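Enquirer: This structure is in structure tokens; I'll ask about it shortly.
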Amino acid sequence: MNLVLDPVRLWFEPRMRRDTILESQLGRKRKTSISNPLHSSSLSSSSQPLRYAVLGAGFAGLSVAWHLLQNSSKESRLCIDIYDEVGIGGGASGVAGGLLHPYSPKAKLLWRGAECWKECLELLRIAEAAKNARTSDRGGQDLVHESDEVLVWRRGILRPATALKNVDILKENAQNCLGSCRIEFIDKDAARNLVPDLCVPFNSAVYMPEALNIHPKRYLQALFLACQSLADDTSASGYGGKEIYLHKKSVNSLLDLAGEYSAVIICLGAKAKMLPELSGKLPLRTCRGVVTHLQLPKDAGGEYGDHSPSILSDAWFAVQGPRSMILGSTWNWGSRNYSPIVSADEASTALEELIPKASAIYPGIRNWDFREARAGVRAMPPLTDLGSLPLMGCVDDAVGENPKCRYWLIGGLGSRGLLYHGWLGKLMAQAVISCNEDVLPPELTSWKKLK
């Protein structure tokens, strides 16, 4: 059997799926494999384990899986099956810009932003530790260049004021920031010290030195690796056995899983609307976004500073190196094109929209070359008095089941999936394990009352 392997993923995937990885060549057999998806547990039959199905291997799905493993009792026997037809981070989560901070465009702390920020940093720490342990297990042998394995760039984020009316608002909101993610209100000179040649039209900007730039797909791969390690370590300690499996297949109907699981947690993003049991029942709008990867030619000057922050403006750019950045994003409302593949025409249209916005702040970006484009579909929730809040809760009624808390939804994370996923995954795991929707904040379940 001939397999084509992505070298960027080799450090992660030797522990992952039997259908895509050459485990035999690596001389290692892992519990996390794919076999019959409805009979994948190899736990002994002396007692029936808890079995959870997580639909989706993006931010929400992997956070839920991690917290289910972490919050279940040590004595419990547990098997988690993750279903995603495109694999880890293959959907909208893997295309995200990766700019992480807990503030609105006006630098106001988002609803429950402190909790979201804290839990996201914790999951990032866990993922980095798992990735570093994997590197150590290899005995220091690098399978890919070190720079290709970077999960996070700690260079901060800068947002110039783009309208005069926002200057005072930014300044006021900057005074009410988190201590763990500070906001500095700076002038044009200070901003240009951080990013030379930056345009600061209203002599004002906010700088978030602790804000981060995450590589979404590598982070998600590392988080799955952490889930595997947690399951292995728990089983090896002599407590109840725990297993986690990734199935690279889609679930077309929730009824396909009926009777197989203690609970099914739906983390499919915009694709949740495609399940027949939930069709027409979720107040979500779809929005396709295209992001572009730009590269500065080797013979061109004007490298981006090693410590210069990424930029938020009418267009954002997430800097991944002196000559590499991601520029985004477009907003195509109502799109039903779920393919991550971007045609030449769609890429050209995206660049025509994004480059003028970006060059208004950073003119040097016109010297960068287009390398590739990717796309994902956001699931956008309704606007409330508290902002656009995700949807959570038990959906047994929508599925048509008796109210036994078997089916759960976490969705509508919109463009803030990275920020939300740690806290929401923790809440969802608590609700699933306790079979109690009341542990969820009422603001996140109020959508169920909408007519």
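Going by the structure tokens order, chains are called A, B, ..., each with residues numbered from 1, while ligands are numbered from 1 in the order shown.
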Based on the backbone DSSP call, show me all residues of region 356-409 of chain A assigned strand (DSSP E or B), as a ChimeraX atom specification.
Expert: /A:369-380,383-384,387-388,391-394,407-409
Enquirer: Could you name the residues that touch region 212-227 of chain A at 9 Å or less, counting only C-alpha atoms, but leaving out those on the same chain fewer than 3 positions away, as a PyMOL selection string?
Expert: chain A and resi 8-9+12-13+15-16+57-59+62-63+65-67+69-70+88-90+93-101+123-124+126-131+134+149-157+208-209+230-232+244+310+318-320+418
Enquirer: If you measure from CA of Met380 (chain A) to CA of Leu440 (chain A), what distance in Å do you get, rounded to one decimal?
Expert: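 Separation between CA of Met380 (chain A) and CA of Leu440 (chain A): 19.7 Å.
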Enquirer: Per DSSP on the backbone, filter region 120-321 of chain A down to the residues in alpha helix (DSSP H) and report them as an MDAnalysis selection string.
Expert: chainID A and resid 120:137 164:174 188:194 216:236
Enquirer: Wanna dump the region 327-352 of chain A-region 284-300 of chain A contacts at 8 Å for me, each residue with its shortest atom pair and the distance in Å to one decimal, counting only C-alpha atoms, ordered by chain and number, as a tab-separated table?
Expert:
```
residue	atom	partner	partner_atom	distance
A:Leu327	CA	A:Thr292	CA	5.2
A:Gly328	CA	A:Val291	CA	4.5
A:Ser329	CA	A:Val291	CA	5.2
A:Thr330	CA	A:Gly289	CA	4.8
A:Trp331	CA	A:Gly289	CA	5.1
A:Asn332	CA	A:Arg288	CA	4.9
A:Trp333	CA	A:Cys287	CA	4.2
A:Gly334	CA	A:Thr286	CA	5.1
A:Ser335	CA	A:Arg288	CA	5.7
A:Arg336	CA	A:Thr286	CA	7.3
A:Asn337	CA	A:Arg288	CA	7.3
A:Tyr338	CA	A:Arg288	CA	7.7
A:Val342	CA	A:Val290	CA	7.7
A:Ala347	CA	A:Val290	CA	7.6
A:Ala350	CA	A:Val290	CA	6.7
A:Leu351	CA	A:Thr292	CA	7.6
```
Enquirer: Do a neighbour search on Phe185 (chain A) at 12 Å with only C-alpha atoms, toss out local chain neighbours closer than 6 positions, and write the hits as a list in words.
Expert: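 Within the cut-off, the hits are Ala107, Leu158, Arg159, Pro160, Ala161, Val167, Asp168, Ile169, Leu170, Lys171, Glu172, Asn173, Ala174, Gln175, Asn176, Cys177, Ala191, Asn203, Ser204, Ala205, Val206, Tyr207, Met208 and Pro209 of chain A.
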Enquirer: At a cut-off of 9 Å, using only C-alpha atoms, what residues contact Leu413 (chain A)? Leave out same-chain residues fewer than 2 positions from it and give the result as a list in words.
Expert: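 The residues that qualify are Ala60, Gly269, Arg378, Ala379, Met380, Pro381, Ser388, Leu389, Pro390, Leu391, Ile410, Gly411, Ser415, Arg416, Gly417, Leu418, Tyr420 and His421 of chain A.
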Enquirer: Taking only C-alpha atoms into account, name the residue in A:Ile355, A:Leu109, A:Val195, A:Ile82 that is nearest to Cys181 (chain A).
Expert: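 Among the listed residues, the smallest separation from Cys181 (chain A) belongs to A:Leu109.
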Enquirer: Pick the closest to Glu303 (chain A) from A:Ala270, A:Leu257, A:Ile265, A:Met325: which is it, counting only C-alpha atoms?
Expert: A:Met325
Enquirer: Any idea what the distance is between CA of Phe370 (chain A) and CA of Asn193 (chain A)?
Expert: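 Taking CA of Phe370 (chain A) and CA of Asn193 (chain A), their separation equals 26.9 Å.
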Enquirer: Within 10 Å of Ala360 (chain A), counting only C-alpha atoms, which residues show up once you throw out same-chain ones fewer than 2 positions away? Write them as a count of residues only, please.
Expert: 16
Enquirer: Restricting the calculation to only C-alpha atoms, which member of A:Gly393, A:Pro441, A:Gly241, A:Gly412 is positioned closest to Leu50 (chain A)?
Expert: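 Once distances to Leu50 (chain A) are computed over only C-alpha atoms, the minimum belongs to A:Gly241.
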Enquirer: Which residue gives the smallest distance to Tyr304 (chain A) among A:Ser446, A:Ser72, A:Ser339, A:Asn367, with only C-alpha atoms counted?
Expert: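 For Tyr304 (chain A), the nearest of the candidates is A:Asn367.
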Enquirer: Could you name the residues that touch Lys449 (chain A) at 12 Å or less, counting only C-alpha atoms, but leaving out those on the same chain fewer than 2 positions away, as a VMD selection string?
Expert: chain A and resid 281 to 283 391 393 442 to 447 451
Enquirer: What is the distance between CA of Pro309 (chain A) and CA of Glu346 (chain A), in Å to one decimal?
Expert: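 Those two atoms sit 28.4 Å apart.
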